[in-house]
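Since the structure comes first, as structure tokens, the remarks are kept for the end.
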Amino acid sequence: MTDPGDRAAQRHVLLEWAWSLVRLDFVGIPFGALFFCLSLTPSLLPRDWLYAGIIGGLNAAVGYGIGVVVGILFHRLVLRGRAWWPPSRTTLRWLEGLTVAGSLALPVAIVVPAAAWQRQVSALMGIEGPATLGYYRALVVAVLFGGVVVAVARVVRDAIRALARVLIRRWHVNDEVALFIGTAVVVVLLLTLVNGVLFRGFLAGASRVFQPQNSTTRAGVEQPNDPERSGSPASFAQWDTLGYQGRNFVATGPDAAELTRLNGAPGREPVRVYAGLQSAPTDTGRIALLLSELERTHAFDRKVLAIVPTTGTGWVNPVAARALELMYNGDTAMVALQYSYLPSWISFAGDAQKSAESGRMLIDAVHQRWARLPVDHRPKLLLYGESLGSLAGQSAFGYLPDISRMGFDSVLWVGPPNASTLWRALVTRRDPGSPEVAPRYDGGRTVRFSQAGDAAEIRRDSAAPWPGTRVLYLQHASDPIVWWSPDLLFSKPDWLSEPPGRDRSPAMRWYPFVTFSQVGADVFKAADLPGGHGHNYGTYVLDGWVAVAPPPGWTDADTERVRVALEKTMAEDGPPS
């Protein structure tokens, strides 16, 4: 039977340990407050109070940790052994009180300009910003979230110390060596847990969440009857194998009758070819199926053939697809391949290489078949990629000249992720004097970049002369998918040293770690902006197509006529799924 005194002692020890998880270090407090205040400075996109609180809490916890380390080092290297340190108890209490008071007052005061900054950023996006009073809720969220992060870090610290004590008592290891070994063991265990068990569990959980959706069909979407579509009764790719996004792709878009009404000339049924993950058991099988579908639909007899590497879920931007079909009155063929059913950010984190391999396989296979055609009987070969689909498409080319050498007529890449190797190489080697946010490479002979603020800007960026293969990147200055990079942790990018891009706040500044976390958090809300901002390129994808692949005799009036039709369809269908 346990002695009541022992139980009381155990409870006392447990309470002391629990209190140690939330008790704050004197030096860490001002650092945490500083990092919180910096986190409320403007980023690429506007943030509501909840999002601001989470980002602020994370940054406050990191700042607190840095402050603790700085305090320990300063005490050991500067204060230890000084005759004047420590000061009297009264002086020390006053010093601590003033520091804590200032550290509390500064975050309270910073909310006022922070809310104003968010209204400025929101105005750039054409949306309403937050009210100042409501934004104070970010403080509460930051305290709670930051406290949890600090408590978890202290649990890890205590685990290291406990292991070190075992090494010292049992094997009489030197204190510093025991602490080093304990740290190494705990860090390795944590990395194994996070990268192995937790990450695999996260992916498995994500699969259980998103795989069922891949088997569903959006309301109102029905199996096509036109033989020009995969999934039709005439198709080799069965309807129920195409996945959620694949069924959306092949069952929607304009038909010949709609095209005839819009363009005033007899339209053709557009060809849309697609293979889902379940369409064949292997990558090779799915590629073979796509080639069979291209042959069956006579896709190589069309005026243009567009290869479209998809995003993580297998999504093809319906605006981009419909725009090209409207421009060419249906004399088009598009081919796409699903490689995952996970959202792009999960797919990228889980296996970005899979996206690259899928894009490379698709492009190589279709190109090889196209290249066997007589030169005067080939359709124009186009390539389109958006977001992770852009990264997948770029993976097929080691260098820019490969695009021309392979015979591509036009390439349109929208919102390229910062990790895109070709994009990074071009931006890094841009012409001297051109800014990172709107670079120029080799005088714009083959590749050009546009911030895509409006149709006129895209026309200026793609103005003639532009002979030969045309490659165009659309990249908003406010698109975090384009600008987020691990480099933001410790180095200031050129795009934050240059005059701000079209819709980036001039008040945005770079701070170590803080900017990395701000822009990283922006990624998750990048598509939730009005068209023309963030990762939503709206109908400006049409202007991109017009820039790189205009039909003969195409005019600005034709572009606006198609834009009206696109906007009408977008209003009827709602946001793309």
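Chain identifiers are assigned as A, B, and so on, following the order in which chains appear in the structure tokens; residues are numbered from 1 within each chain, and ligands are numbered from 1 in order of appearance.
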Can you check which parts of region 343-418 of chain A lie within 9 Å of region 529-540 of chain A? Per residue, the shortest pair of atoms and distance in Å to one decimal, counting only C-alpha atoms, sorted by chain and number, as a tab-separated table.
```
residue	atom	partner	partner_atom	distance
A:Ser387	CA	A:His535	CA	8.2
A:Val414	CA	A:Tyr537	CA	7.8
A:Gly415	CA	A:His535	CA	6.4
```
Hey, what does DSSP flag as alpha helix (DSSP H) within region 340-547 of chain A? Can you give it to me as a compact mmCIF listing (two decimals) with N, CA, C and O atoms, in the first residue's frame?
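Okay, selection05.txt is ready:
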```
# COMPACT_ATOMS: atom_id res chain seq x y z
N SER A 344 -2.36 19.21 -53.99
CA SER A 344 -1.00 19.46 -54.46
C SER A 344 0.01 19.63 -53.33
O SER A 344 1.14 19.14 -53.40
N TRP A 345 -0.38 20.34 -52.25
CA TRP A 345 0.61 20.60 -51.20
C TRP A 345 0.98 19.31 -50.48
O TRP A 345 2.13 19.13 -50.07
N ILE A 346 0.02 18.38 -50.34
CA ILE A 346 0.34 17.09 -49.74
C ILE A 346 1.15 16.25 -50.71
O ILE A 346 2.12 15.59 -50.33
N SER A 347 0.75 16.26 -51.96
CA SER A 347 1.47 15.50 -52.97
C SER A 347 2.90 15.98 -53.11
O SER A 347 3.84 15.19 -53.22
N PHE A 348 3.09 17.30 -53.06
CA PHE A 348 4.44 17.88 -53.17
C PHE A 348 5.29 17.48 -51.97
O PHE A 348 6.44 17.09 -52.10
N ALA A 349 4.69 17.57 -50.75
CA ALA A 349 5.44 17.22 -49.55
C ALA A 349 5.72 15.73 -49.49
O ALA A 349 6.79 15.30 -49.03
N GLY A 350 4.75 14.92 -49.95
CA GLY A 350 4.90 13.48 -49.84
C GLY A 350 5.81 12.88 -50.88
O GLY A 350 6.61 11.98 -50.58
N ASP A 351 5.70 13.35 -52.12
CA ASP A 351 6.50 12.75 -53.19
C ASP A 351 6.49 13.66 -54.40
O ASP A 351 5.80 13.40 -55.40
N ALA A 352 7.27 14.76 -54.33
CA ALA A 352 7.34 15.68 -55.46
C ALA A 352 7.95 15.00 -56.68
O ALA A 352 7.63 15.35 -57.82
N GLN A 353 8.81 14.01 -56.45
CA GLN A 353 9.44 13.31 -57.55
C GLN A 353 8.41 12.58 -58.41
O GLN A 353 8.57 12.47 -59.63
N LYS A 354 7.34 12.12 -57.79
CA LYS A 354 6.29 11.42 -58.53
C LYS A 354 5.65 12.36 -59.54
O LYS A 354 5.33 11.96 -60.67
N SER A 355 5.44 13.61 -59.13
CA SER A 355 4.88 14.59 -60.05
C SER A 355 5.80 14.82 -61.23
O SER A 355 5.36 14.84 -62.39
N ALA A 356 7.10 14.97 -60.95
CA ALA A 356 8.07 15.20 -62.02
C ALA A 356 8.13 14.02 -62.98
O ALA A 356 8.17 14.19 -64.20
N GLU A 357 8.15 12.81 -62.44
CA GLU A 357 8.24 11.62 -63.29
C GLU A 357 6.99 11.47 -64.16
O GLU A 357 7.08 11.10 -65.34
N SER A 358 5.83 11.77 -63.58
CA SER A 358 4.59 11.66 -64.34
C SER A 358 4.59 12.64 -65.51
O SER A 358 4.22 12.29 -66.64
N GLY A 359 4.98 13.90 -65.23
CA GLY A 359 5.02 14.90 -66.29
C GLY A 359 5.99 14.52 -67.39
O GLY A 359 5.70 14.68 -68.59
N ARG A 360 7.15 14.03 -66.99
CA ARG A 360 8.17 13.65 -67.98
C ARG A 360 7.68 12.48 -68.84
O ARG A 360 7.86 12.49 -70.07
N MET A 361 7.07 11.48 -68.24
CA MET A 361 6.56 10.33 -68.99
C MET A 361 5.49 10.76 -69.99
O MET A 361 5.49 10.32 -71.15
N LEU A 362 4.55 11.59 -69.54
CA LEU A 362 3.47 12.04 -70.41
C LEU A 362 4.01 12.82 -71.60
O LEU A 362 3.65 12.55 -72.76
N ILE A 363 4.88 13.78 -71.32
CA ILE A 363 5.41 14.62 -72.40
C ILE A 363 6.25 13.81 -73.38
O ILE A 363 6.11 13.93 -74.60
N ASP A 364 7.12 12.96 -72.86
CA ASP A 364 7.98 12.16 -73.74
C ASP A 364 7.16 11.24 -74.63
O ASP A 364 7.43 11.11 -75.83
N ALA A 365 6.15 10.58 -74.05
CA ALA A 365 5.36 9.61 -74.82
C ALA A 365 4.58 10.29 -75.93
O ALA A 365 4.59 9.84 -77.09
N VAL A 366 3.88 11.38 -75.61
CA VAL A 366 3.09 12.07 -76.62
C VAL A 366 3.99 12.71 -77.67
O VAL A 366 3.70 12.67 -78.87
N HIS A 367 5.11 13.28 -77.22
CA HIS A 367 6.03 13.91 -78.18
C HIS A 367 6.60 12.89 -79.15
O HIS A 367 6.72 13.15 -80.36
N GLN A 368 6.99 11.71 -78.65
CA GLN A 368 7.56 10.70 -79.54
C GLN A 368 6.56 10.27 -80.61
O GLN A 368 6.92 10.08 -81.77
N ARG A 369 5.29 10.12 -80.22
CA ARG A 369 4.28 9.76 -81.22
C ARG A 369 4.06 10.91 -82.20
O ARG A 369 3.93 10.69 -83.41
N TRP A 370 4.00 12.13 -81.71
CA TRP A 370 3.82 13.32 -82.57
C TRP A 370 4.98 13.48 -83.53
O TRP A 370 4.78 13.83 -84.71
N ALA A 371 6.20 13.20 -83.07
CA ALA A 371 7.39 13.40 -83.89
C ALA A 371 7.44 12.44 -85.07
O ALA A 371 8.15 12.70 -86.06
N LEU A 388 1.49 22.77 -59.48
CA LEU A 388 2.30 21.56 -59.49
C LEU A 388 2.36 20.95 -60.89
O LEU A 388 3.33 20.26 -61.23
N GLY A 389 1.36 21.21 -61.72
CA GLY A 389 1.42 20.78 -63.11
C GLY A 389 2.50 21.48 -63.88
O GLY A 389 3.10 20.92 -64.82
N SER A 390 2.80 22.72 -63.50
CA SER A 390 3.92 23.45 -64.12
C SER A 390 5.25 22.82 -63.74
O SER A 390 6.13 22.62 -64.59
N LEU A 391 5.40 22.47 -62.46
CA LEU A 391 6.62 21.79 -62.03
C LEU A 391 6.79 20.47 -62.77
O LEU A 391 7.89 20.12 -63.21
N ALA A 392 5.68 19.72 -62.92
CA ALA A 392 5.73 18.44 -63.61
C ALA A 392 6.15 18.63 -65.07
O ALA A 392 6.95 17.86 -65.61
N GLY A 393 5.61 19.65 -65.72
CA GLY A 393 5.94 19.88 -67.11
C GLY A 393 7.38 20.31 -67.32
O GLY A 393 8.05 19.86 -68.26
N GLN A 394 7.87 21.14 -66.42
CA GLN A 394 9.25 21.61 -66.57
C GLN A 394 10.27 20.50 -66.35
O GLN A 394 11.40 20.58 -66.83
N PRO A 401 16.68 25.39 -74.35
CA PRO A 401 16.71 25.01 -75.77
C PRO A 401 16.05 23.67 -76.07
O PRO A 401 15.66 23.43 -77.22
N ASP A 402 15.92 22.79 -75.06
CA ASP A 402 15.28 21.49 -75.30
C ASP A 402 13.84 21.68 -75.77
O ASP A 402 13.32 20.85 -76.54
N ILE A 403 13.18 22.73 -75.32
CA ILE A 403 11.78 22.95 -75.68
C ILE A 403 11.67 23.22 -77.18
O ILE A 403 10.82 22.64 -77.87
N SER A 404 12.54 24.07 -77.69
CA SER A 404 12.53 24.35 -79.13
C SER A 404 13.01 23.14 -79.92
O SER A 404 12.44 22.81 -80.98
N ARG A 405 14.03 22.47 -79.41
CA ARG A 405 14.59 21.33 -80.13
C ARG A 405 13.54 20.23 -80.30
O ARG A 405 13.51 19.54 -81.33
N THR A 421 12.86 23.51 -61.26
CA THR A 421 14.28 23.65 -61.56
C THR A 421 14.54 24.55 -62.76
O THR A 421 15.46 25.38 -62.74
N LEU A 422 13.75 24.41 -63.82
CA LEU A 422 13.97 25.24 -65.00
C LEU A 422 13.67 26.70 -64.70
O LEU A 422 14.43 27.60 -65.07
N TRP A 423 12.57 26.95 -64.01
CA TRP A 423 12.21 28.32 -63.63
C TRP A 423 13.31 28.96 -62.79
O TRP A 423 13.71 30.10 -63.04
N ARG A 424 13.80 28.22 -61.80
CA ARG A 424 14.85 28.76 -60.93
C ARG A 424 16.11 29.08 -61.72
O ARG A 424 16.77 30.09 -61.49
N ALA A 425 16.46 28.20 -62.66
CA ALA A 425 17.66 28.44 -63.46
C ALA A 425 17.50 29.69 -64.31
O ALA A 425 18.44 30.50 -64.43
N LEU A 426 16.34 29.88 -64.91
CA LEU A 426 16.12 31.05 -65.75
C LEU A 426 16.13 32.34 -64.93
O LEU A 426 16.70 33.35 -65.34
N VAL A 427 15.47 32.30 -63.77
CA VAL A 427 15.42 33.50 -62.92
C VAL A 427 16.81 33.83 -62.38
O VAL A 427 17.22 35.00 -62.32
N THR A 428 17.56 32.81 -61.97
CA THR A 428 18.90 33.03 -61.45
C THR A 428 19.81 33.64 -62.51
O THR A 428 20.64 34.52 -62.22
N ALA A 455 -4.90 42.26 -68.87
CA ALA A 455 -4.67 41.83 -70.24
C ALA A 455 -3.63 42.71 -70.92
O ALA A 455 -2.79 42.23 -71.69
N ALA A 456 -3.68 44.02 -70.64
CA ALA A 456 -2.74 44.94 -71.29
C ALA A 456 -1.30 44.63 -70.87
O ALA A 456 -0.38 44.71 -71.69
N GLU A 457 -1.11 44.27 -69.60
CA GLU A 457 0.25 43.96 -69.13
C GLU A 457 0.78 42.72 -69.83
O GLU A 457 1.94 42.67 -70.23
N ILE A 458 -0.05 41.69 -69.98
CA ILE A 458 0.39 40.48 -70.66
C ILE A 458 0.71 40.77 -72.12
O ILE A 458 1.69 40.25 -72.68
N ARG A 459 -0.11 41.64 -72.76
CA ARG A 459 0.18 42.01 -74.15
C ARG A 459 1.53 42.73 -74.25
O ARG A 459 2.30 42.46 -75.18
N ARG A 460 1.81 43.61 -73.30
CA ARG A 460 3.11 44.31 -73.34
C ARG A 460 4.26 43.34 -73.16
O ARG A 460 5.29 43.43 -73.85
N ASP A 461 4.11 42.42 -72.23
CA ASP A 461 5.19 41.48 -71.95
C ASP A 461 5.41 40.48 -73.08
O ASP A 461 6.48 39.86 -73.14
N PRO A 480 2.32 33.16 -53.31
CA PRO A 480 3.30 32.52 -52.43
C PRO A 480 3.82 31.20 -52.97
O PRO A 480 4.91 30.76 -52.60
N ILE A 481 3.05 30.54 -53.86
CA ILE A 481 3.53 29.30 -54.47
C ILE A 481 4.82 29.59 -55.25
O ILE A 481 5.75 28.78 -55.28
N VAL A 482 4.86 30.75 -55.87
CA VAL A 482 6.03 31.14 -56.68
C VAL A 482 7.19 31.56 -55.79
O VAL A 482 8.36 31.25 -56.08
N TRP A 483 6.93 32.22 -54.68
CA TRP A 483 8.00 32.90 -53.94
C TRP A 483 8.41 32.21 -52.65
O TRP A 483 9.43 32.59 -52.06
N VAL A 514 10.89 34.62 -39.72
CA VAL A 514 9.55 35.19 -39.70
C VAL A 514 8.95 35.21 -41.10
O VAL A 514 7.82 34.76 -41.32
N THR A 515 9.70 35.73 -42.07
CA THR A 515 9.18 35.80 -43.44
C THR A 515 8.97 34.41 -44.01
O THR A 515 8.00 34.17 -44.74
N PHE A 516 9.86 33.49 -43.67
CA PHE A 516 9.70 32.10 -44.11
C PHE A 516 8.37 31.54 -43.65
O PHE A 516 7.64 30.92 -44.42
N SER A 517 8.04 31.76 -42.38
CA SER A 517 6.78 31.22 -41.84
C SER A 517 5.58 31.98 -42.38
O SER A 517 4.53 31.38 -42.64
N GLN A 518 5.71 33.28 -42.59
CA GLN A 518 4.60 34.08 -43.12
C GLN A 518 4.22 33.61 -44.52
O GLN A 518 3.06 33.31 -44.81
N VAL A 519 5.21 33.56 -45.41
CA VAL A 519 4.93 33.18 -46.80
C VAL A 519 4.53 31.71 -46.88
O VAL A 519 3.67 31.32 -47.67
N GLY A 520 5.14 30.88 -46.01
CA GLY A 520 4.74 29.47 -45.97
C GLY A 520 3.28 29.32 -45.58
O GLY A 520 2.56 28.48 -46.14
N ALA A 521 2.83 30.12 -44.64
CA ALA A 521 1.41 30.07 -44.24
C ALA A 521 0.52 30.61 -45.35
O ALA A 521 -0.61 30.13 -45.54
N ASP A 522 1.01 31.60 -46.10
CA ASP A 522 0.24 32.15 -47.23
C ASP A 522 -0.09 31.08 -48.27
O ASP A 522 -1.11 31.16 -48.96
N TYR A 540 -7.06 35.49 -66.86
CA TYR A 540 -5.80 35.94 -67.48
C TYR A 540 -5.04 34.77 -68.11
O TYR A 540 -4.09 34.98 -68.86
N VAL A 541 -5.47 33.54 -67.80
CA VAL A 541 -4.92 32.39 -68.51
C VAL A 541 -5.24 32.50 -70.00
O VAL A 541 -4.44 32.12 -70.86
N LEU A 542 -6.43 33.03 -70.32
CA LEU A 542 -6.79 33.27 -71.72
C LEU A 542 -5.78 34.19 -72.39
O LEU A 542 -5.32 33.91 -73.52
N ASP A 543 -5.40 35.26 -71.71
CA ASP A 543 -4.43 36.20 -72.30
C ASP A 543 -3.07 35.54 -72.47
O ASP A 543 -2.33 35.87 -73.40
N GLY A 544 -2.76 34.60 -71.57
CA GLY A 544 -1.53 33.84 -71.74
C GLY A 544 -1.56 33.00 -73.01
O GLY A 544 -0.58 32.96 -73.77
N TRP A 545 -2.68 32.32 -73.25
CA TRP A 545 -2.82 31.54 -74.48
C TRP A 545 -2.73 32.44 -75.71
O TRP A 545 -2.08 32.09 -76.71
N VAL A 546 -3.39 33.59 -75.66
CA VAL A 546 -3.36 34.51 -76.79
C VAL A 546 -1.93 34.98 -77.05
O VAL A 546 -1.52 35.17 -78.20
N ALA A 547 -1.15 35.14 -75.98
CA ALA A 547 0.22 35.60 -76.14
C ALA A 547 1.11 34.58 -76.83
O ALA A 547 1.96 34.93 -77.65
```
Just list the residues in region 267-370 of chain A DSSP gives strand (DSSP E) on the backbone, as an mmCIF file with N, CA and C atoms, in the first residue's frame.
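Final output, selection.cif:
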```cif
data_model
loop_
_atom_site.group_PDB
_atom_site.id
_atom_site.type_symbol
_atom_site.label_atom_id
_atom_site.label_comp_id
_atom_site.auth_asym_id
_atom_site.auth_seq_id
_atom_site.Cartn_x
_atom_site.Cartn_y
_atom_site.Cartn_z
ATOM 1 N N VAL A 271 -11.442 17.438 -78.580
ATOM 2 C CA VAL A 271 -10.960 16.148 -78.068
ATOM 3 C C VAL A 271 -10.372 16.365 -76.679
ATOM 4 N N ARG A 272 -10.848 15.580 -75.728
ATOM 5 C CA ARG A 272 -10.265 15.602 -74.380
ATOM 6 C C ARG A 272 -9.948 14.160 -73.977
ATOM 7 N N VAL A 273 -8.664 13.880 -73.822
ATOM 8 C CA VAL A 273 -8.194 12.532 -73.507
ATOM 9 C C VAL A 273 -7.608 12.537 -72.101
ATOM 10 N N TYR A 274 -7.965 11.518 -71.314
ATOM 11 C CA TYR A 274 -7.552 11.493 -69.899
ATOM 12 C C TYR A 274 -7.426 10.052 -69.435
ATOM 13 N N ALA A 275 -6.441 9.790 -68.579
ATOM 14 C CA ALA A 275 -6.305 8.491 -67.917
ATOM 15 C C ALA A 275 -6.204 8.729 -66.415
ATOM 16 N N VAL A 304 -4.364 21.947 -83.123
ATOM 17 C CA VAL A 304 -3.429 22.035 -81.999
ATOM 18 C C VAL A 304 -3.604 20.809 -81.104
ATOM 19 N N LEU A 305 -2.494 20.390 -80.527
ATOM 20 C CA LEU A 305 -2.478 19.301 -79.551
ATOM 21 C C LEU A 305 -1.796 19.826 -78.301
ATOM 22 N N ALA A 306 -2.515 19.868 -77.192
ATOM 23 C CA ALA A 306 -1.994 20.421 -75.941
ATOM 24 C C ALA A 306 -1.784 19.313 -74.922
ATOM 25 N N ILE A 307 -0.557 19.222 -74.413
ATOM 26 C CA ILE A 307 -0.232 18.292 -73.323
ATOM 27 C C ILE A 307 -0.406 19.046 -72.013
ATOM 28 N N VAL A 308 -1.130 18.444 -71.060
ATOM 29 C CA VAL A 308 -1.459 19.144 -69.814
ATOM 30 C C VAL A 308 -1.098 18.281 -68.610
ATOM 31 N N PRO A 309 0.125 18.380 -68.089
ATOM 32 C CA PRO A 309 0.422 17.728 -66.797
ATOM 33 C C PRO A 309 -0.489 18.313 -65.714
ATOM 34 N N THR A 332 -9.152 21.240 -81.511
ATOM 35 C CA THR A 332 -8.102 21.044 -80.515
ATOM 36 C C THR A 332 -8.173 19.634 -79.941
ATOM 37 N N ALA A 333 -7.058 19.209 -79.386
ATOM 38 C CA ALA A 333 -7.001 17.967 -78.609
ATOM 39 C C ALA A 333 -6.172 18.235 -77.367
ATOM 40 N N MET A 334 -6.655 17.782 -76.216
ATOM 41 C CA MET A 334 -5.930 17.929 -74.949
ATOM 42 C C MET A 334 -5.765 16.559 -74.324
ATOM 43 N N VAL A 335 -4.596 16.333 -73.735
ATOM 44 C CA VAL A 335 -4.314 15.056 -73.108
ATOM 45 C C VAL A 335 -3.739 15.294 -71.723
ATOM 46 N N ALA A 336 -4.260 14.584 -70.718
ATOM 47 C CA ALA A 336 -3.827 14.765 -69.331
ATOM 48 C C ALA A 336 -3.798 13.411 -68.633
ATOM 49 N N LEU A 337 -3.014 13.342 -67.573
ATOM 50 C CA LEU A 337 -2.792 12.083 -66.854
ATOM 51 C C LEU A 337 -2.810 12.336 -65.354
#
```
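With only C-alpha atoms as the atoms that count, the minimum distance from Thr469 (chain A) to the choices A:Phe408, A:Tyr51, A:Trp84, A:Tyr441 is reached by A:Phe408.
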* Quick one: everything within 10 Å of Ser215 (chain A), counting only C-alpha atoms, minus sequence neighbours fewer than 3 positions away in the same chain. Send it as number ranges by chain. => A: 210-212, 240-245, 247, 278, 341
